[in-house]
Amino acid sequence: MTDAMTAGTITIAGHGGDPIEAYLAHPVGGGPRGGVVVIHHMPGFDRENKEIVRRFAAEGYNAVCPNLYSREAPGADPDDAAATVRAAGGVPDERLVGDVAGAAEHLRGLDGANGKVGVIGYCSGGRHTFLAACSLRLDAAVDCYGAFVVEDPPPNMPKHMQPILHLAPELSCPLLGLFGADDQYPSPESVAKLDAELSRLGKAHQFHTYEGAGHSFFSVDRPAYRPEAAVDGWRRILDFFATNLG
């Protein structure tokens with residue numbers, strides 16, 4: 001690990017060349033190194049996700065989190081931005097893919113980059129991780145309890161949050177999935193269905209489900225936080241990226 005890094009808000013080219021806000025962190029000096037795109041959860045482009053970006057930089061990666069809500073609510077508080085986007089139906093899948101593509105391209109262009117890029121997301125970001133990995137050429141993907149990959153969403157969810165299991169044949173890279181046994185979205189049954197489909201297709205993947213954990217077990221500020229699951233999950237994530245991103 002390193003404590004010497006550069007971090008801050010930048011502007012990158014997202015879907016359709018749109019300028020969007022993003023948070024970038026990278027170690028100072030050294031290389032070559034892989035890159036990680038962090039896809040934020042539905043609550044938005046918040047402190048928690050910026051901490052995750054810095055964690056990856058401390059582990060030796062270039063990392064960036066694109067603000068998926070920066071078009072609808074530039075400069076807004078994360079909660080206000082999330083409410084605005086939810087009211088508009090959520091982030092369209094095509095735009096999400098374009099924004100992740102722009103973030104990955106930015107990482108590949110940094111000094112010291114080795115050209116390999118992985119993606120990770122939590123909650124809605126887990127679904128978006130699977131979507132990105134099935135739509136772009138990536139080197140590794142980590143889905144942390146991504147809902148609505150398999151199951152239909154409840155009526156109160158954004159209209160763009162629809163199942164995407166049909167994209168599984170296009171998965172372009174190894175996938176690590178981390179889930180809670182007490183979660184409802186995704187439920188253990190949904191996780192098992194995704195696991196079976198990826199196995200049928202011969203897609204490289206590793207799934208692990210934590211007993212006694214529900215949704216958001218990585219989130220240190222929430223009652224759902226489960227330290228043992230989160231610590232083991234981080235170990236698996238770092239081992240997985242070390243293997244696939246170099």
# chains A, B, ... in the order shown; residues from 1 in each chain; ligands from 1

$ residues_around --residues "segment 37-44 of chain A" --least-positions-apart "6" --cutoff "7 Å" --atoms "only C-alpha atoms" --output "MDAnalysis selection string"
chainID A and resid 53 63:66 78:79 82 103:104 118:125

$ residues_around --residues "Met161 of chain A" --least-positions-apart "3" --cutoff "9 Å" --atoms "only C-alpha atoms" --output "VMD selection string"
chain A and resid 89 to 93 124 127 147 to 149 152 to 153 157 to 158

$ atom_distance --atom1 "atom CA of Gly31 of chain A" --atom2 "atom CA of Trp234 of chain A"
22.3 Å

$ closest_residue --among "A:Ser190, A:Ser199, A:Ser219, A:Ser172" --to "Gly146 of chain A" --atoms "only C-alpha atoms"
A:Ser190

$ residues_around --residues "Val117 of chain A" --least-positions-apart "3" --cutoff "6 Å" --atoms "only C-alpha atoms" --output "list in words"
Gly34, Gly35, Val36, Leu138 and Asp139 of chain A

$ residues_around --residues "Phe217 of chain A" --least-positions-apart "3" --cutoff "12 Å" --atoms "only C-alpha atoms" --output "number ranges by chain"
A: 122-123, 144-145, 178-183, 209-214, 220-234
